[in-house]
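Here is the structure we will look at.
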2 protein chains.
Amino acid sequence: MAYSFISHLACPKCQAEYFPDEKHQLCSCGSPLLVKYNLEKMKKQIKREDLLTRSSDLWRYHELLPVQNPSNVVTLGEGMTPLVSMPFIGKDMFIPQLFMKDEGIIPTGTFKARGAAVGVSKAKELGVKELAMPTNGNAGAAWALYSARAGIQCTIVMPVDAPAITRNECIAADSKLYLVDGLISDAGKIVARVIEEKGLYDASTLKEPYRIEGKKTMGIEIAEQLGWKMPDVILYPTGGGVGLIGIYKALNELKSLGWVEGELPRLVAVQAKGCAPIVKAWEEGKASSEFWPDSETIAFGINVPKALGDFLVLEALYQTKGCAISIDDEEILEEQKKIATYEGAFICPEGASAFVAARRLRETGWIKKDDCVVALNTGAGIKYPNTVQRQVPILQPEDRIQISLEL
Amino acid sequence: MAYSFISHLACPKCQAEYFPDEKHQLCSCGSPLLVKYNLEKMKKQIKREDLLTRSSDLWRYHELLPVQNPSNVVTLGEGMTPLVSMPFIGKDMFIPQLFMKDEGIIPTGTFKARGAAVGVSKAKELGVKELAMPTNGNAGAAWALYSARAGIQCTIVMPVDAPAITRNECIAADSKLYLVDGLISDAGKIVARVIEEKGLYDASTLKEPYRIEGKKTMGIEIAEQLGWKMPDVILYPTGGGVGLIGIYKALNELKSLGWVEGELPRLVAVQAKGCAPIVKAWEEGKASSEFWPDSETIAFGINVPKALGDFLVLEALYQTKGCAISIDDEEILEEQKKIATYEGAFICPEGASAFVAARRLRETGWIKKDDCVVALNTGAGIKYPNTVQRQVPILQPEDRIQISLEL
């Protein structure tokens, strides 16, 4: 039986189709390409119960992934991240059925590992020897490390302000790392130049069609972890938006397979007040977004002033009766602290923004009390250690903790 | 059916027995206590196939864990960490069947999460409201966060030189954190004083009997992930040694249940040249170790000059025909870099020491070419970002990457 049921690549804008056995980047019309599967055939051959004996990583869904030969799979065991109940915060915000999909519990510490695992594996299958990409840090770190495992050379360009630890990861992987005194959009321009000059594979967000397939497994896992039921709402911190597009794609595929039934969850794109192009477009009922000037937020991963896949994000919001909402940096840091203090989970600022969004949307009544709500934490707080600070007393070995003066 | 098959606590030194429903710390003879289970009864009621439909975390083994009421389980989804093949490094060191059990892929980013999850859950079950512990950083971070989730107050004392990120985790969890200008043994003295003065629950390594039960699940998972087979060798970076004691305990329990068969793996205690009390004791054929003066190593987590459970570690080594070996800091950093560059895994220095040990033991012939070898990586490299450094070029947005001068 086929390891993958991939059939072809299709353009969501002009409907052009491409063979999956060749290297493709964007469609000739400029749109990202999406991977299509032979779901009718797969439906006859695979049942969801067949997954029971498989490894607890994202490759358990290999029929719905683009890699055709298992020998090309480049894996560090990524996937099947915990779906954690949030009883205290849930009570605090009047959402009893509140869950966190914790993407900090994955190689490289962020959900970018999913895109990198599948993207790099498919690049290997297509014979790629060298790739390049701009990044806000975490995607670059993930692609650098997975590329190292695949034996693919890797050029990464990230803003000087990107989380410092992601630099160390790229260095550890021995990738060609450059910083740019600017934003990810500036990094993108530098990458575009080197790709043109050297003919490298372009691994920029959505310029290769496969990372989205890795990211979509978050949606499949949420459904499987809820006993093949879909939640009512999924909140997603949105920069490039690939995860949201992927989750929407995955749930539609699962519906086609008959593995889930009913209405799709209302998808929520969460952005920072300092960089909210999707929110603006959604509020104006538009089909695509405009470049957001002078963008700034502590949630660095969602500082993306213009996403190539904006129209796909917006379509997913409109189709699922979802919404888009922007959050203050100050509220993000408050929520991050609250979640660590009451739920014991030290999450990243991007993830915290999704919880603030849940809180706001519950206050307005958009989220109902009985809704089953999943907020995506896209990465581990330990990659952003400086978001939490406090003076700590230093004792000498012979000292006592002064109980009366205790913290 | 019982959620846990716990029967009692037993002293491995004087054989005294204790009820499991009361708070206990050390045995009255000063030895750590071990948890015993009713394995005969369990064997009749549970088959390993029953695990298939369970969640992919360590609570899938709840019958072999001490928590009796599932409502007391404090979990962030820890466990079932990847068992990753290491083809490049394995080839490089002539161990084709080399695996890494990657404990970086777990809440808080280190294997300490296992001990904390089970230790805190049992503390909650026993009605503990406040606990205290010394730590080299990672255990304190894990206990601080899990205690926060359990609503238990937590006092943590760690050396000023402990990994900085673990401080931020303790701060995020809102624990009472103190630094000491000294080693973990100095932190231990400060903790002992505050415990005596305030009557707190002592969560120091092996002074409560339950963290070892969390750690032992590494052994169960390795067996399950290898298809209920045991590897030939397991290498373990050894500070306090709880994980090694736990793995030895777990595999013996699995043998009693009939879930695995044959010889136990040869267990290897890996230490740093700058702190090798277990290695010294093993080389001298002794049953316990001596305090190692002026200990120092970059692998901070294994800087433990005298472990309370040293005699249990040594017993496990002698019983399994294992060994103990110490490694240079320089070799550790070299191996860490090599593993990131060739396997795409950015691991911690402690974990890297286990791989160097495998390399050395293969060179001497102690590890055979056909041995199935598992090295434990105890934590994520991102918690030790400064172990990997390099100057990185900074570009302006209009710059080009100089191909001729490329890195």
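Here's how to read the names in the structure tokens: chain A, B, ... by the order shown, residue numbers from 1 in each chain, ligand numbers from 1 in the order shown.
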#### Entry: In segment 79-184 of chain B, DSSP helix (DSSP H, G or I) residues written as a PyMOL selection string
chain B and resi 87-92+107-109+112-125+138-150+164-172+184
### Query
Residues at most 9 Å from Ser7 of chain B, counting only C-alpha atoms, excluding those fewer than 2 positions away in the same chain, as a ChimeraX atom specification?
/B:4-5,9,19-20,35-38,66
Limited to N, CA, C and O atoms, could you put the picked residues into a file as a PDB file, in the first residue's frame?
```
ATOM      1  N   SER B   4      -3.571   2.326  40.773  1.00  0.00           N
ATOM      2  CA  SER B   4      -2.172   2.031  41.099  1.00  0.00           C
ATOM      3  C   SER B   4      -2.104   0.708  41.847  1.00  0.00           C
ATOM      4  O   SER B   4      -2.972   0.416  42.666  1.00  0.00           O
ATOM      5  N   PHE B   5      -1.066  -0.072  41.588  1.00  0.00           N
ATOM      6  CA  PHE B   5      -0.867  -1.327  42.332  1.00  0.00           C
ATOM      7  C   PHE B   5       0.194  -1.168  43.418  1.00  0.00           C
ATOM      8  O   PHE B   5       0.836  -2.136  43.835  1.00  0.00           O
ATOM      9  N   LEU B   9       6.073   1.054  51.042  1.00  0.00           N
ATOM     10  CA  LEU B   9       7.428   1.577  50.873  1.00  0.00           C
ATOM     11  C   LEU B   9       8.385   0.637  51.607  1.00  0.00           C
ATOM     12  O   LEU B   9       8.049   0.116  52.673  1.00  0.00           O
ATOM     13  N   PHE B  19       3.744   2.310  55.399  1.00  0.00           N
ATOM     14  CA  PHE B  19       2.492   2.451  54.665  1.00  0.00           C
ATOM     15  C   PHE B  19       2.629   3.536  53.595  1.00  0.00           C
ATOM     16  O   PHE B  19       3.277   4.550  53.831  1.00  0.00           O
ATOM     17  N   PRO B  20       1.981   3.366  52.469  1.00  0.00           N
ATOM     18  CA  PRO B  20       2.115   4.358  51.400  1.00  0.00           C
ATOM     19  C   PRO B  20       1.137   5.526  51.543  1.00  0.00           C
ATOM     20  O   PRO B  20       1.203   6.464  50.770  1.00  0.00           O
ATOM     21  N   VAL B  35       9.493   2.411  46.408  1.00  0.00           N
ATOM     22  CA  VAL B  35       8.081   2.044  46.328  1.00  0.00           C
ATOM     23  C   VAL B  35       7.948   0.615  45.812  1.00  0.00           C
ATOM     24  O   VAL B  35       8.599   0.238  44.831  1.00  0.00           O
ATOM     25  N   LYS B  36       7.119  -0.175  46.480  1.00  0.00           N
ATOM     26  CA  LYS B  36       6.873  -1.552  46.041  1.00  0.00           C
ATOM     27  C   LYS B  36       5.442  -1.681  45.520  1.00  0.00           C
ATOM     28  O   LYS B  36       4.530  -1.017  46.014  1.00  0.00           O
ATOM     29  N   TYR B  37       5.277  -2.547  44.550  1.00  0.00           N
ATOM     30  CA  TYR B  37       3.969  -2.759  43.934  1.00  0.00           C
ATOM     31  C   TYR B  37       3.552  -4.215  44.076  1.00  0.00           C
ATOM     32  O   TYR B  37       4.392  -5.109  44.225  1.00  0.00           O
ATOM     33  N   ASN B  38       2.263  -4.440  44.006  1.00  0.00           N
ATOM     34  CA  ASN B  38       1.739  -5.808  44.014  1.00  0.00           C
ATOM     35  C   ASN B  38       1.765  -6.341  42.580  1.00  0.00           C
ATOM     36  O   ASN B  38       0.749  -6.349  41.866  1.00  0.00           O
ATOM     37  N   PRO B  66       2.800   5.554  41.777  1.00  0.00           N
ATOM     38  CA  PRO B  66       2.303   5.535  43.152  1.00  0.00           C
ATOM     39  C   PRO B  66       1.006   6.305  43.402  1.00  0.00           C
ATOM     40  O   PRO B  66       0.449   6.201  44.498  1.00  0.00           O
TER      41      PRO B  66
END
```
### Message
Please extract the residues of segment 185-307 of chain A with a backbone DSSP assignment of strand (DSSP E or B) and present them as a PyMOL selection string.
### Response
chain A and resi 201-202+233-237+266-272+275
Given the selection you just returned, output its residues as a file containing N, CA and C atoms, formatted as a compact mmCIF listing (two decimals), in the first residue's frame.
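selection07.txt, freshly written:
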```
# COMPACT_ATOMS: atom_id res chain seq x y z
N TYR A 201 17.24 26.29 -3.43
CA TYR A 201 15.84 25.96 -3.16
C TYR A 201 15.32 26.98 -2.17
N ASP A 202 14.17 27.57 -2.48
CA ASP A 202 13.61 28.63 -1.65
C ASP A 202 12.68 28.03 -0.59
N VAL A 233 -13.80 25.91 18.93
CA VAL A 233 -12.99 27.07 18.59
C VAL A 233 -11.51 26.68 18.67
N ILE A 234 -10.71 27.11 17.70
CA ILE A 234 -9.25 27.00 17.79
C ILE A 234 -8.66 28.41 17.62
N LEU A 235 -7.83 28.81 18.59
CA LEU A 235 -7.19 30.13 18.52
C LEU A 235 -5.74 29.97 18.15
N TYR A 236 -5.30 30.74 17.17
CA TYR A 236 -3.98 30.53 16.59
C TYR A 236 -3.22 31.85 16.48
N PRO A 237 -2.04 31.97 17.14
CA PRO A 237 -1.22 33.18 17.01
C PRO A 237 -0.72 33.27 15.57
N ARG A 266 -14.63 27.14 14.69
CA ARG A 266 -14.42 28.54 14.30
C ARG A 266 -12.95 28.86 14.55
N LEU A 267 -12.26 29.23 13.50
CA LEU A 267 -10.82 29.50 13.61
C LEU A 267 -10.60 30.98 13.91
N VAL A 268 -9.69 31.25 14.85
CA VAL A 268 -9.43 32.62 15.27
C VAL A 268 -7.96 32.96 14.99
N ALA A 269 -7.74 33.99 14.18
CA ALA A 269 -6.38 34.49 13.94
C ALA A 269 -6.08 35.55 14.98
N VAL A 270 -5.06 35.26 15.82
CA VAL A 270 -4.70 36.19 16.89
C VAL A 270 -3.43 36.93 16.47
N GLN A 271 -3.47 38.26 16.50
CA GLN A 271 -2.28 39.04 16.17
C GLN A 271 -1.98 40.03 17.29
N ALA A 272 -0.82 40.66 17.21
CA ALA A 272 -0.45 41.68 18.19
C ALA A 272 -0.95 43.04 17.70
N CYS A 275 1.12 44.69 15.13
CA CYS A 275 1.29 44.06 13.81
C CYS A 275 0.06 43.23 13.49
```
### Task
Compile the contact shell of Lys189 of chain B as a PyMOL selection string: residues with an atom at most 10 Å away, counting only C-alpha atoms, same-chain residues fewer than 5 positions apart removed.
(chain A and resi 397-400) or (chain B and resi 134+157+184+194-195)
### Message
I need the contact residues of chain A against chain B, so if you could list those with any atom within 7 Å, counting only C-alpha atoms, and return them as a PyMOL selection string, that would help.
### Response
chain A and resi 52-53+56+76-77+82+84+105-107+145-146+148-149+165+168-169+171-174+176-182+186-187+190+193-194+337+340-346+382-383+385+388-390+392-397+399-401+407
Residues from last step as file, C-alpha atoms, as an mmCIF file, in the first residue's frame:
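That gives us out-v8.cif:
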```
data_model
loop_
_atom_site.group_PDB
_atom_site.id
_atom_site.type_symbol
_atom_site.label_atom_id
_atom_site.label_comp_id
_atom_site.auth_asym_id
_atom_site.auth_seq_id
_atom_site.Cartn_x
_atom_site.Cartn_y
_atom_site.Cartn_z
ATOM 1 C CA LEU A 52 -3.374 2.766 17.129
ATOM 2 C CA THR A 53 -0.176 0.777 16.831
ATOM 3 C CA SER A 56 3.390 8.816 18.643
ATOM 4 C CA LEU A 76 13.572 13.745 15.447
ATOM 5 C CA GLY A 77 10.343 12.302 16.837
ATOM 6 C CA PRO A 82 0.266 17.288 24.637
ATOM 7 C CA VAL A 84 -3.290 19.948 28.186
ATOM 8 C CA ILE A 105 7.069 19.964 23.658
ATOM 9 C CA ILE A 106 8.724 19.205 20.337
ATOM 10 C CA PRO A 107 12.274 19.195 18.930
ATOM 11 C CA LEU A 145 18.687 21.510 12.458
ATOM 12 C CA TYR A 146 16.478 19.308 10.260
ATOM 13 C CA ALA A 148 21.672 19.240 9.140
ATOM 14 C CA ARG A 149 20.078 15.848 9.793
ATOM 15 C CA ILE A 165 18.632 31.253 21.406
ATOM 16 C CA ASN A 168 22.690 29.338 18.878
ATOM 17 C CA GLU A 169 20.571 26.606 17.326
ATOM 18 C CA ILE A 171 25.186 27.836 14.888
ATOM 19 C CA ALA A 172 25.004 24.393 16.477
ATOM 20 C CA ALA A 173 23.576 23.046 13.220
ATOM 21 C CA ASP A 174 26.514 24.641 11.385
ATOM 22 C CA LYS A 176 25.196 29.701 7.195
ATOM 23 C CA LEU A 177 23.627 32.283 9.468
ATOM 24 C CA TYR A 178 23.273 36.013 8.791
ATOM 25 C CA LEU A 179 21.555 38.703 10.836
ATOM 26 C CA VAL A 180 19.841 41.694 9.277
ATOM 27 C CA ASP A 181 19.384 45.083 10.846
ATOM 28 C CA GLY A 182 15.674 45.072 9.968
ATOM 29 C CA ASP A 186 14.160 42.701 4.921
ATOM 30 C CA ALA A 187 15.615 39.260 5.535
ATOM 31 C CA ILE A 190 18.388 39.329 1.082
ATOM 32 C CA ARG A 193 18.929 37.821 -3.918
ATOM 33 C CA VAL A 194 21.102 34.884 -2.879
ATOM 34 C CA LYS A 337 2.854 34.938 33.858
ATOM 35 C CA ALA A 340 2.959 29.731 34.520
ATOM 36 C CA THR A 341 1.835 30.619 38.031
ATOM 37 C CA TYR A 342 -1.496 28.790 37.935
ATOM 38 C CA GLU A 343 -1.092 26.077 35.315
ATOM 39 C CA GLY A 344 2.632 25.409 35.638
ATOM 40 C CA ALA A 345 3.217 25.946 31.930
ATOM 41 C CA PHE A 346 5.914 28.426 30.908
ATOM 42 C CA ILE A 382 12.406 28.796 27.776
ATOM 43 C CA LYS A 383 13.206 30.162 24.309
ATOM 44 C CA PRO A 385 13.661 33.576 29.094
ATOM 45 C CA VAL A 388 10.086 36.814 32.951
ATOM 46 C CA GLN A 389 12.414 38.685 35.308
ATOM 47 C CA ARG A 390 12.791 39.268 39.062
ATOM 48 C CA VAL A 392 16.645 36.933 43.346
ATOM 49 C CA PRO A 393 18.388 36.970 46.764
ATOM 50 C CA ILE A 394 21.920 35.505 46.858
ATOM 51 C CA LEU A 395 22.838 33.593 50.026
ATOM 52 C CA GLN A 396 26.141 32.319 51.431
ATOM 53 C CA PRO A 397 26.338 28.595 52.328
ATOM 54 C CA ASP A 399 23.029 31.647 55.619
ATOM 55 C CA ARG A 400 19.482 30.972 56.696
ATOM 56 C CA ILE A 401 16.404 31.897 54.700
ATOM 57 C CA LEU A 407 9.581 36.719 49.569
#
```
### Task
Provide the atom CA of Asp21 of chain B to atom CA of Thr110 of chain B distance in Å, to one decimal place.
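Separation of atom CA of Asp21 of chain B and atom CA of Thr110 of chain B: 29.1 Å.
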### Task
Find the spatial neighbours of segment 295-304 of chain B, counting only C-alpha atoms, within a cut-off of 8 Å - ignore same-chain residues fewer than 5 positions away - and output them as JSON, numbers by chain.
{"B": [136, 137, 138, 162, 163, 184, 185, 237, 238, 239, 240, 271, 272, 273, 274, 275, 329, 348, 349, 350]}
### Message
Would you pick out the contacts of Lys368 of chain B at 9 Å or less, using only C-alpha atoms, so that residues sharing its chain but fewer than 6 positions from it are not included, and give the list as a count of residues only?
### Response
4
### Message
Under the rule that only C-alpha atoms are counted, which of B:Ser326, B:Ser204, B:Asn252, B:Ser289 is the nearest residue to Gln25 of chain B?
### Response
B:Ser204
### Task
Could you please determine the separation between atom CA of Leu65 of chain B and atom CA of Glu103 of chain B in Å, to one decimal place?
19.2 Å
Contacts of Arg48 of chain A within 9 Å, only C-alpha atoms, excl. fewer than 3 positions in-chain, as a short mmCIF file (atom, residue, chain, number, x, y, z; two decimals) with N, CA, C and O atoms, in the first residue's frame:
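Once written, out.cif looks like this:
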```cif
data_model
loop_
_atom_site.label_atom_id
_atom_site.label_comp_id
_atom_site.auth_asym_id
_atom_site.auth_seq_id
_atom_site.Cartn_x
_atom_site.Cartn_y
_atom_site.Cartn_z
N LEU A 51 -4.23 3.58 13.11
CA LEU A 51 -3.17 4.41 13.69
C LEU A 51 -2.73 3.92 15.07
O LEU A 51 -1.65 4.26 15.55
N LEU A 52 -3.60 3.12 15.71
CA LEU A 52 -3.37 2.77 17.13
C LEU A 52 -1.99 2.22 17.43
O LEU A 52 -1.41 2.52 18.47
N GLU A 224 -7.71 13.81 16.87
CA GLU A 224 -7.48 12.47 17.43
C GLU A 224 -7.47 12.51 18.96
O GLU A 224 -8.03 11.65 19.62
N TRP A 228 -11.40 11.90 18.06
CA TRP A 228 -11.93 12.16 16.71
C TRP A 228 -13.18 13.03 16.76
O TRP A 228 -14.15 12.80 16.07
N TRP A 259 -13.38 10.73 8.94
CA TRP A 259 -12.77 10.50 10.26
C TRP A 259 -13.33 11.46 11.31
O TRP A 259 -13.25 11.18 12.50
#
```
### Task
Can you work out which one of B:Cys27, B:Leu226, B:Ile89, B:Ile6 has the shortest atom-to-atom distance to Val67 of chain B, counting only C-alpha atoms?
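Distance minimum relative to Val67 of chain B lands on B:Ile6.
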### Task
Record the distance separating atom CA of Arg211 of chain A and atom CA of Ala139 of chain A, expressed in Å with one decimal.
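Computing it gives 10.3 Å between the two atoms.
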### Query
Quick one: of A:Leu33, A:Leu254, A:Ile245, A:Ile156, who's nearest to Lys207 of chain A, counting only C-alpha atoms?
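Under the stated criterion, the closest residue is A:Leu33.
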### Message
Would you pick out the contacts of Ile152 of chain A at 8 Å or less, using only C-alpha atoms, so that residues sharing its chain but fewer than 4 positions from it are not included, and give the list as a list in words?
### Response
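The filter keeps Lys124, Val128, Lys129, Glu130, Leu131, Ser147 and Ala148 of chain A.
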